[in-house]
Structures are given as C-alpha cells and as structure tokens.
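Notes for the one structure printed next.
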Amino acid sequence: MPLKRPDASSIARFGLGLAAVGRPGYITLGRDLDLPADRSVEAMQAHVHRLLDAAYTAGVRYFDAARSYGMAEDFLASWLHARPDVQGVVIGSKWGYTYTAGWRTDARTHEVKDHSLATFRRQLSHTRALLGTRLDLYQVHSVTPTSTALTDPALHERLAVLATEGVTIGLSASGPDQAETIRTALEITVEGKQLFGSVQATYNLMEPSAGAALAEAHAAGCTVIVKEGLANGRLADRHASGPEATVLRDIAQEAKVSCDAVALAAVAAQPWADIVLSGAATAEQLISNLTATHLRLVPDQLERLTALAEPADVYWAQRSQLSWT
C-alpha cells in the first residue's frame with residue numbers, strides 16, 4: 001500500500017525531514033551555525049516545535065523521523081499533542097538504526113544498524129508508544145544490497161502484518177548501490193502482494209545514480225520520497241564551491257533565487273519524485289527551500305546542471321567523511 005501521492009502542483013510535494021534537528025549532532029555542513037548554542041533536550045524540542053510550526057503554516061504536510069534521529073519522534077509526538085488543530089499531516093518514521101551517541105556531538109559511534117526482526121519489534125513498540133495511530137509510514141532505515149531486510153522472510157511477514165493495520169511499509173536506501181537495493185526490494189512479495197509501498201533514497205544534482213530505479217519504483221506504484229536533495233548542505237549557497245558549482249550559482253542568479261531552491265527544484269522536476277524532503281535546520285532555511293515549489297527550470301537549465309554529477313562511489317566516500325557537529 002503506497003502513501004497517497006500529493007498533487008503535483010502542491011507544496012505538499014515537499015516534506016520536512018528531522019535528521020538534522022532531532023539530536024545535537026549531525027553531518028549537515030554548517031549545522032553548528034544553525035542550531036542554538038544550548039542543545040539541551042528542552043532547547044532542541046522548542047527549536048523543533050518552531051520549525052514544525054513554520055513548516056505546517058507554509059503548507060508542508062509530510063514529516064519524516066526515525067528511531068535513530070535522537071529524540072525526533074519524541075519532539076514530533078509532543079508537537080502533535082500540543083497542536084490538536086493540526087490536520088491532514090502524514091507521519092513517517094524509520095527503524096533499523098539505534099541512536100547511541102548519548103546526546104553528544106563527539107561520540108565515537110552515533111548510530112548502530114541492525115535490520116533483524118527483534119530490532120523491528122523493539123523499535124516499533126517505541127515508535128507506537130510515541131506516535132500511536134498517527135504513524136502512516138514505517139521504513140526500514142538505510143538498506144543496502146547486503147541487508148537482511150531484503151532476505152528475511154520472517155521479517156517480511158511481520159512487515160506485511162503491519163501493512164494490514166494501515167501503515168505503509170517502506171524502505172530508505174543508502175550508498176552507491178541504491179539502484180540495486182531498490183530493484184531487489186520491488187521484487188519482494190508476501191502472499192502475492194508487493195511488500196514495499198514506499199521508497200526513500202538519496203538523489204541530488206551530485207548523486208543522481210538512483211534515478212532510473214526510482215522511476216521504476218514509481219511506475220510499480222510506490223510513493224517515492226527523495227532525501228538529501230542538498231547533498232548534506234554541499235548544494236546550499238554558503239557551501240556550493242568548485243567549477244561545477246558555478247553553473248548552480250549562475251542559474252540561481254538567472255532565476256533570482258538561492259542555490260538550494262535551484263537544487264531542490266531540479267529534484268522536483270523529476271516526474272517520479274512524489275515527495276522531496278527539506279532537511280532544513282531553521283525556519284529561514286525551510287522558507288528558502290520551499291521557494292523551489294514555484295520554480296520551474298527550463299530544459300536548458302536542467303541540462304546544464306547535469307555537470308554537477310559525481311560518480312556514486314566518489315560521492316558516498318566523501319559523504320562518509322563529513323563530521324558530526
């Protein structure tokens with residue numbers, strides 16, 4: 001069962017991901033400048049509530065969390081509880097990573113992956129305790145071709161049970177072999193029914209390698225959610241650099257918008273992209289990101305932007321070197 005696909009012309013095509021704000025440390029470039037100096041749980045919760053308020057007011061209706069995003073689910077749940085007037089939102093979360101940083105930015109290990117059935121059961125109970133029936137989408141977090149989430153029939157059966165309860169089953173892909181992961185996932189069935197109704201993957205001007213596989217997922221009925229459309233900040237104004245980024249800056253100047261708006265508009269221009277996530281850490285960044293909603297890049301501009309693409313292995317190797325701040 002896929003999520004309901006938003007109208008192609010609606011701002012609802014843009015969602016808000018909470019990876020950068022649910023915990024004190026993350027790998028988005030410049031994040032140390034965006035968050036308050038006080039990163040206590042209380043301060044971060046207040047910050048996230050303000051960001052969610054800004055997103056909802058702007059028309060965003062999809063919100064994306066994960067068990068490993070520190071207290072993102074907690075913050076989202078407390079916001080929903082404090083805003084009983086909030087209507088029409090779609091809530092997605094993910095399981096498969098356990099947050100291990102202990103609310104520190106200098107932890108040696110920030111999260112540990114485990115796609116076992118036992119982890120699914122444990123983390124689903126925690127997610128349900130916080131989000132209850134507000135959970136619309138539950139995704140296996142950061143699946144790669146070697147993940148047991150693609151080969152464990154007992155897990156597939158339990159995921160199918162959750163689907164009968166009205167929750168869309170999805171997966172997020174990660175790494176240079178995302179296309180292989182996605183295509184393998186599309187072949188998984190339980191009692192003759194396609195298991196996964198949603199696919200989330202990294203796709204941006206620097207890393208477009210999953211595009212064809214995402215088009216196949218869309219054609220197969222999956223809701224396609226794009227994450228990391230700004231390449232963890234590398235396509236934002238203050239970090240876009242190098243000869244290739246000159247193209248991005250030139251087009252932003254032509255359109256009289258920011259680099260981030262151009263980068264996200266290029267993602268939204270893909271006909272298979274149902275929801276494009278903003279990973280904004282501040283309300284100001286979010287509003288800038290949402291400028292992409294009204295930006296229509298012409299074919300010549302889209303063609304010029306292909307110059308930013310890197311080999312997938314190069315892109316992911318560099319991403320793995322980003323610091324948690």
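We label chains A, B, ... in the order they appear in the structure tokens, count residues from 1 in each chain, and number ligands from 1 in the order shown.
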Close residues, region 283-296 of chain A itself excluded, 9 Å, only C-alpha atoms, min 3 positions apart in chain, as a PyMOL selection string: chain A and resi 9-11+13-14+16+50-55+58+255+257-258+260-266+268-269+278-280
Report the residues of region 68-107 of chain A whose backbone DSSP state falls under strand (DSSP E or B), written as number ranges by chain. A: 90-95, 97-99
Limited to C-alpha atoms, could you put the picked residues into a file as a compact mmCIF listing (two decimals), in the first residue's frame?
# COMPACT_ATOMS: atom_id res chain seq x y z
CA VAL A 90 1.32 12.37 7.09
CA ILE A 91 3.85 10.97 9.57
CA GLY A 92 6.72 8.73 8.51
CA SER A 93 9.42 7.17 10.63
CA LYS A 94 12.13 4.56 10.26
CA TRP A 95 13.52 1.62 12.18
CA TYR A 97 19.27 2.08 13.42
CA THR A 98 19.67 2.60 17.16
CA TYR A 99 20.83 6.00 18.40
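Considering the residues A:Phe75, A:Arg23, A:Arg83, A:Ser147 and counting only C-alpha atoms, Thr100 (chain A) has its shortest atom-to-atom contact with A:Arg23.
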Need the shell around Asp313 (chain A): protein/DNA/RNA residues with any atom at most 10 Å away, counting only C-alpha atoms. Skip same-chain ones fewer than 6 positions apart. Format as a list in words?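 Answer for this query is Gly175, Pro176, Asp177, Glu207 and Arg319 of chain A.
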For the residues selected in the previous step, produce a file with C-alpha atoms as a PDB file, in the first residue's frame.
ATOM      1  CA  GLY A 175      25.163   4.025  -0.504  1.00  0.00           C
ATOM      2  CA  PRO A 176      26.496   3.826  -4.064  1.00  0.00           C
ATOM      3  CA  ASP A 177      24.354   0.781  -4.902  1.00  0.00           C
ATOM      4  CA  GLU A 207      24.328  11.935  -6.853  1.00  0.00           C
ATOM      5  CA  ARG A 319      29.824  11.845   2.457  1.00  0.00           C
TER       6      ARG A 319
END
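One distance worth recording is that between CA of Thr105 (chain A) and CA of Gly25 (chain A), which is 4.6 Å.
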Lys227 (chain A) surroundings by only C-alpha atoms, 7 Å radius, close-in-sequence under 4 positions cut, as a ChimeraX atom specification: /A:200-203,276-277
Please return as an MDAnalysis selection string: the residues of region 60-198 of chain A that backbone DSSP assigns to helix (DSSP H, G or I). chainID A and resid 72:82 117:134 148:150 153:164 178:186
Give me the residues near Ser198 (chain A) as a PyMOL selection string, where near means some atom within 12 Å (using only C-alpha atoms) and where sequence neighbours in that chain fewer than 6 positions away do not count. chain A and resi 1-5+92-94+136-140+163+167-173+182+185-186+214+216-226+273-275
Would you mind exporting the chosen residues as an mmCIF file, in the first residue's frame, restricted to N, CA and C atoms?
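Here's the written file selection15.cif:
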data_model
loop_
_atom_site.group_PDB
_atom_site.id
_atom_site.type_symbol
_atom_site.label_atom_id
_atom_site.label_comp_id
_atom_site.auth_asym_id
_atom_site.auth_seq_id
_atom_site.Cartn_x
_atom_site.Cartn_y
_atom_site.Cartn_z
ATOM 1 N N MET A 1 0.838 -1.192 0.000
ATOM 2 C CA MET A 1 0.000 0.000 0.000
ATOM 3 C C MET A 1 0.876 1.247 0.000
ATOM 4 N N PRO A 2 0.840 2.048 -1.091
ATOM 5 C CA PRO A 2 1.640 3.271 -1.120
ATOM 6 C C PRO A 2 0.955 4.387 -0.349
ATOM 7 N N LEU A 3 1.730 5.392 0.042
ATOM 8 C CA LEU A 3 1.138 6.596 0.570
ATOM 9 C C LEU A 3 0.364 7.293 -0.537
ATOM 10 N N LYS A 4 -0.598 8.100 -0.152
ATOM 11 C CA LYS A 4 -1.316 8.892 -1.145
ATOM 12 C C LYS A 4 -0.365 9.902 -1.751
ATOM 13 N N ARG A 5 -0.265 9.903 -3.054
ATOM 14 C CA ARG A 5 0.644 10.828 -3.732
ATOM 15 C C ARG A 5 0.037 12.223 -3.757
ATOM 16 N N GLY A 92 5.871 9.874 8.847
ATOM 17 C CA GLY A 92 6.716 8.732 8.514
ATOM 18 C C GLY A 92 7.848 8.609 9.511
ATOM 19 N N SER A 93 8.231 7.384 9.803
ATOM 20 C CA SER A 93 9.416 7.168 10.635
ATOM 21 C C SER A 93 10.147 5.936 10.111
ATOM 22 N N LYS A 94 11.278 5.641 10.734
ATOM 23 C CA LYS A 94 12.128 4.562 10.259
ATOM 24 C C LYS A 94 12.669 3.762 11.437
ATOM 25 N N ASP A 136 1.923 6.746 9.781
ATOM 26 C CA ASP A 136 1.390 6.398 8.460
ATOM 27 C C ASP A 136 2.359 5.562 7.635
ATOM 28 N N LEU A 137 3.655 5.774 7.831
ATOM 29 C CA LEU A 137 4.684 5.113 7.041
ATOM 30 C C LEU A 137 5.801 4.660 7.962
ATOM 31 N N TYR A 138 6.196 3.381 7.858
ATOM 32 C CA TYR A 138 7.312 2.864 8.655
ATOM 33 C C TYR A 138 8.304 2.238 7.691
ATOM 34 N N GLN A 139 9.536 2.780 7.681
ATOM 35 C CA GLN A 139 10.528 2.391 6.694
ATOM 36 C C GLN A 139 11.704 1.663 7.332
ATOM 37 N N VAL A 140 12.227 0.684 6.624
ATOM 38 C CA VAL A 140 13.489 0.070 7.025
ATOM 39 C C VAL A 140 14.572 1.095 6.696
ATOM 40 N N ALA A 163 1.290 -3.761 7.621
ATOM 41 C CA ALA A 163 0.603 -3.141 6.487
ATOM 42 C C ALA A 163 -0.905 -3.343 6.579
ATOM 43 N N VAL A 167 -0.585 0.804 7.946
ATOM 44 C CA VAL A 167 0.699 1.504 7.865
ATOM 45 C C VAL A 167 1.402 1.113 6.563
ATOM 46 N N THR A 168 1.805 2.088 5.778
ATOM 47 C CA THR A 168 2.573 1.803 4.573
ATOM 48 C C THR A 168 3.961 1.312 4.960
ATOM 49 N N ILE A 169 4.414 0.248 4.325
ATOM 50 C CA ILE A 169 5.753 -0.296 4.575
ATOM 51 C C ILE A 169 6.702 0.257 3.519
ATOM 52 N N GLY A 170 7.787 0.829 3.980
ATOM 53 C CA GLY A 170 8.749 1.401 3.042
ATOM 54 C C GLY A 170 10.166 1.053 3.414
ATOM 55 N N LEU A 171 11.091 1.518 2.605
ATOM 56 C CA LEU A 171 12.499 1.400 2.943
ATOM 57 C C LEU A 171 13.211 2.629 2.458
ATOM 58 N N SER A 172 14.279 2.992 3.153
ATOM 59 C CA SER A 172 15.174 4.036 2.659
ATOM 60 C C SER A 172 16.451 3.353 2.205
ATOM 61 N N ALA A 173 16.957 3.788 1.071
ATOM 62 C CA ALA A 173 18.181 3.213 0.520
ATOM 63 C C ALA A 173 19.349 4.148 0.794
ATOM 64 N N ILE A 182 16.930 -0.883 -4.504
ATOM 65 C CA ILE A 182 15.549 -0.565 -4.860
ATOM 66 C C ILE A 182 14.949 -1.652 -5.744
ATOM 67 N N ALA A 185 14.198 -4.745 -3.761
ATOM 68 C CA ALA A 185 13.041 -4.544 -2.885
ATOM 69 C C ALA A 185 11.724 -4.653 -3.646
ATOM 70 N N LEU A 186 11.711 -4.175 -4.883
ATOM 71 C CA LEU A 186 10.477 -4.211 -5.668
ATOM 72 C C LEU A 186 10.040 -5.639 -5.985
ATOM 73 N N LEU A 214 14.390 4.671 -9.264
ATOM 74 C CA LEU A 214 13.281 5.377 -8.608
ATOM 75 C C LEU A 214 12.103 5.552 -9.569
ATOM 76 N N GLU A 216 11.351 3.390 -11.830
ATOM 77 C CA GLU A 216 10.739 2.057 -11.840
ATOM 78 C C GLU A 216 9.878 1.843 -10.603
ATOM 79 N N ALA A 217 10.353 2.315 -9.454
ATOM 80 C CA ALA A 217 9.574 2.180 -8.220
ATOM 81 C C ALA A 217 8.273 2.960 -8.328
ATOM 82 N N HIS A 218 8.344 4.163 -8.863
ATOM 83 C CA HIS A 218 7.141 4.982 -9.048
ATOM 84 C C HIS A 218 6.154 4.281 -9.973
ATOM 85 N N ALA A 219 6.678 3.720 -11.067
ATOM 86 C CA ALA A 219 5.817 3.015 -12.017
ATOM 87 C C ALA A 219 5.188 1.776 -11.405
ATOM 88 N N ALA A 220 5.862 1.187 -10.427
ATOM 89 C CA ALA A 220 5.347 -0.001 -9.757
ATOM 90 C C ALA A 220 4.330 0.348 -8.668
ATOM 91 N N GLY A 221 4.036 1.624 -8.491
ATOM 92 C CA GLY A 221 3.033 2.049 -7.529
ATOM 93 C C GLY A 221 3.571 2.559 -6.215
ATOM 94 N N CYS A 222 4.895 2.562 -6.055
ATOM 95 C CA CYS A 222 5.487 3.058 -4.809
ATOM 96 C C CYS A 222 5.461 4.588 -4.775
ATOM 97 N N THR A 223 5.275 5.110 -3.576
ATOM 98 C CA THR A 223 5.496 6.534 -3.362
ATOM 99 C C THR A 223 6.996 6.747 -3.224
ATOM 100 N N VAL A 224 7.553 7.660 -4.011
ATOM 101 C CA VAL A 224 8.991 7.916 -3.996
ATOM 102 C C VAL A 224 9.274 9.195 -3.207
ATOM 103 N N ILE A 225 10.104 9.048 -2.178
ATOM 104 C CA ILE A 225 10.498 10.170 -1.328
ATOM 105 C C ILE A 225 11.990 10.407 -1.534
ATOM 106 N N VAL A 226 12.354 11.625 -1.851
ATOM 107 C CA VAL A 226 13.762 11.959 -2.082
ATOM 108 C C VAL A 226 14.344 12.626 -0.848
ATOM 109 N N ALA A 273 9.362 11.861 -8.689
ATOM 110 C CA ALA A 273 9.610 12.333 -7.323
ATOM 111 C C ALA A 273 8.299 12.802 -6.696
ATOM 112 N N ASP A 274 7.725 11.978 -5.831
ATOM 113 C CA ASP A 274 6.439 12.316 -5.227
ATOM 114 C C ASP A 274 6.580 13.297 -4.072
ATOM 115 N N ILE A 275 7.566 13.084 -3.219
ATOM 116 C CA ILE A 275 7.815 13.963 -2.079
ATOM 117 C C ILE A 275 9.310 14.268 -2.025
#
Give me, as a list of chain:residue names, all polymer residues having an atom no more than 10 Å from Pro311 (chain A), counting only C-alpha atoms and skipping those fewer than 2 positions away in the same chain.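 Skipping anything fewer than 2 positions along the chain leaves A:Pro176, A:Met206, A:Glu207, A:Pro208, A:Ser209, A:Ala309, A:Asp313, A:Val314, A:Tyr315, A:Trp316.
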Can you write just those residues out, C-alpha atoms, as a CSV table (one decimal), in the first residue's frame?
chain,number,residue,atom,x,y,z
A,176,PRO,CA,26.5,3.8,-4.1
A,206,MET,CA,25.7,15.5,-7.3
A,207,GLU,CA,24.3,11.9,-6.9
A,208,PRO,CA,21.7,11.1,-9.5
A,209,SER,CA,22.6,7.4,-9.9
A,309,ALA,CA,27.1,14.9,-11.1
A,313,ASP,CA,31.4,5.9,-5.2
A,314,VAL,CA,33.2,9.2,-5.1
A,315,TYR,CA,30.1,11.0,-3.7
A,316,TRP,CA,29.5,8.4,-1.0
Need the shell around Ala160 (chain A): protein/DNA/RNA residues with any atom at most 10 Å away, counting only C-alpha atoms. Skip same-chain ones fewer than 5 positions apart. Format as a PDB file with N, CA and C atoms, in the first residue's frame?
ATOM      1  N   MET A   1       0.838  -1.192   0.000  1.00  0.00           N
ATOM      2  CA  MET A   1       0.000   0.000   0.000  1.00  0.00           C
ATOM      3  C   MET A   1       0.876   1.247   0.000  1.00  0.00           C
ATOM      4  N   ALA A 154      10.780 -14.050   7.560  1.00  0.00           N
ATOM      5  CA  ALA A 154      10.041 -13.833   8.808  1.00  0.00           C
ATOM      6  C   ALA A 154       9.803 -12.340   9.029  1.00  0.00           C
ATOM      7  N   LEU A 155      10.803 -11.540   8.737  1.00  0.00           N
ATOM      8  CA  LEU A 155      10.638 -10.092   8.839  1.00  0.00           C
ATOM      9  C   LEU A 155       9.618  -9.597   7.830  1.00  0.00           C
ATOM     10  N   GLU A 165      -2.551  -3.239   9.133  1.00  0.00           N
ATOM     11  CA  GLU A 165      -3.032  -2.315  10.156  1.00  0.00           C
ATOM     12  C   GLU A 165      -3.110  -0.881   9.632  1.00  0.00           C
ATOM     13  N   VAL A 167      -0.585   0.804   7.946  1.00  0.00           N
ATOM     14  CA  VAL A 167       0.699   1.504   7.865  1.00  0.00           C
ATOM     15  C   VAL A 167       1.402   1.113   6.563  1.00  0.00           C
ATOM     16  N   THR A 168       1.805   2.088   5.778  1.00  0.00           N
ATOM     17  CA  THR A 168       2.573   1.803   4.573  1.00  0.00           C
ATOM     18  C   THR A 168       3.961   1.312   4.960  1.00  0.00           C
ATOM     19  N   ILE A 169       4.414   0.248   4.325  1.00  0.00           N
ATOM     20  CA  ILE A 169       5.753  -0.296   4.575  1.00  0.00           C
ATOM     21  C   ILE A 169       6.702   0.257   3.519  1.00  0.00           C
ATOM     22  N   THR A 189       7.621  -9.993  -2.335  1.00  0.00           N
ATOM     23  CA  THR A 189       6.175 -10.105  -2.163  1.00  0.00           C
ATOM     24  C   THR A 189       5.866 -10.979  -0.956  1.00  0.00           C
ATOM     25  N   VAL A 190       4.704 -10.764  -0.387  1.00  0.00           N
ATOM     26  CA  VAL A 190       4.182 -11.613   0.676  1.00  0.00           C
ATOM     27  C   VAL A 190       2.757 -11.982   0.282  1.00  0.00           C
ATOM     28  N   GLU A 191       2.523 -13.273   0.126  1.00  0.00           N
ATOM     29  CA  GLU A 191       1.214 -13.784  -0.325  1.00  0.00           C
ATOM     30  C   GLU A 191       0.785 -13.101  -1.622  1.00  0.00           C
ATOM     31  N   LYS A 193       1.534 -10.201  -2.810  1.00  0.00           N
ATOM     32  CA  LYS A 193       1.409  -8.745  -2.818  1.00  0.00           C
ATOM     33  C   LYS A 193       2.774  -8.089  -2.626  1.00  0.00           C
ATOM     34  N   GLN A 194       3.021  -7.042  -3.392  1.00  0.00           N
ATOM     35  CA  GLN A 194       4.258  -6.282  -3.247  1.00  0.00           C
ATOM     36  C   GLN A 194       4.354  -5.748  -1.824  1.00  0.00           C
ATOM     37  N   LEU A 195       5.480  -6.005  -1.163  1.00  0.00           N
ATOM     38  CA  LEU A 195       5.610  -5.625   0.243  1.00  0.00           C
ATOM     39  C   LEU A 195       5.798  -4.126   0.427  1.00  0.00           C
ATOM     40  N   PHE A 196       6.689  -3.543  -0.341  1.00  0.00           N
ATOM     41  CA  PHE A 196       7.046  -2.148  -0.107  1.00  0.00           C
ATOM     42  C   PHE A 196       6.172  -1.209  -0.931  1.00  0.00           C
TER      43      PHE A 196
END
Rank nothing, just name the residue among A:His141, A:Arg31, A:Arg67, A:His156 nearest to Leu124 (chain A), using only C-alpha atoms.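 Checking each candidate against Leu124 (chain A), we get A:Arg67 as the closest.
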Under the rule that only C-alpha atoms are counted, which of A:Gln270, A:Thr151, A:Ser241, A:Thr146 is the nearest residue to Ala210 (chain A)? A:Gln270
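With only C-alpha atoms as the atoms that count, the residue of A:Ala252, A:Val41, A:Cys259, A:Arg134 with the shortest distance to His239 (chain A) is A:Cys259.
The two atoms in question, CA of Ala215 (chain A) and CA of Gly229 (chain A), are spaced 16.3 Å apart.
When only C-alpha atoms are used to measure the gap to Gln45 (chain A), the shortest distance among A:Gln253, A:Phe63, A:Leu76, A:Asp152 belongs to A:Leu76.
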Nearest residue to Leu150 (chain A) from the set A:Glu187, A:Glu73, A:Asp300, A:Asp114 (distances using only C-alpha atoms):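 Ranked by minimum distance to Leu150 (chain A), first place goes to A:Glu187.
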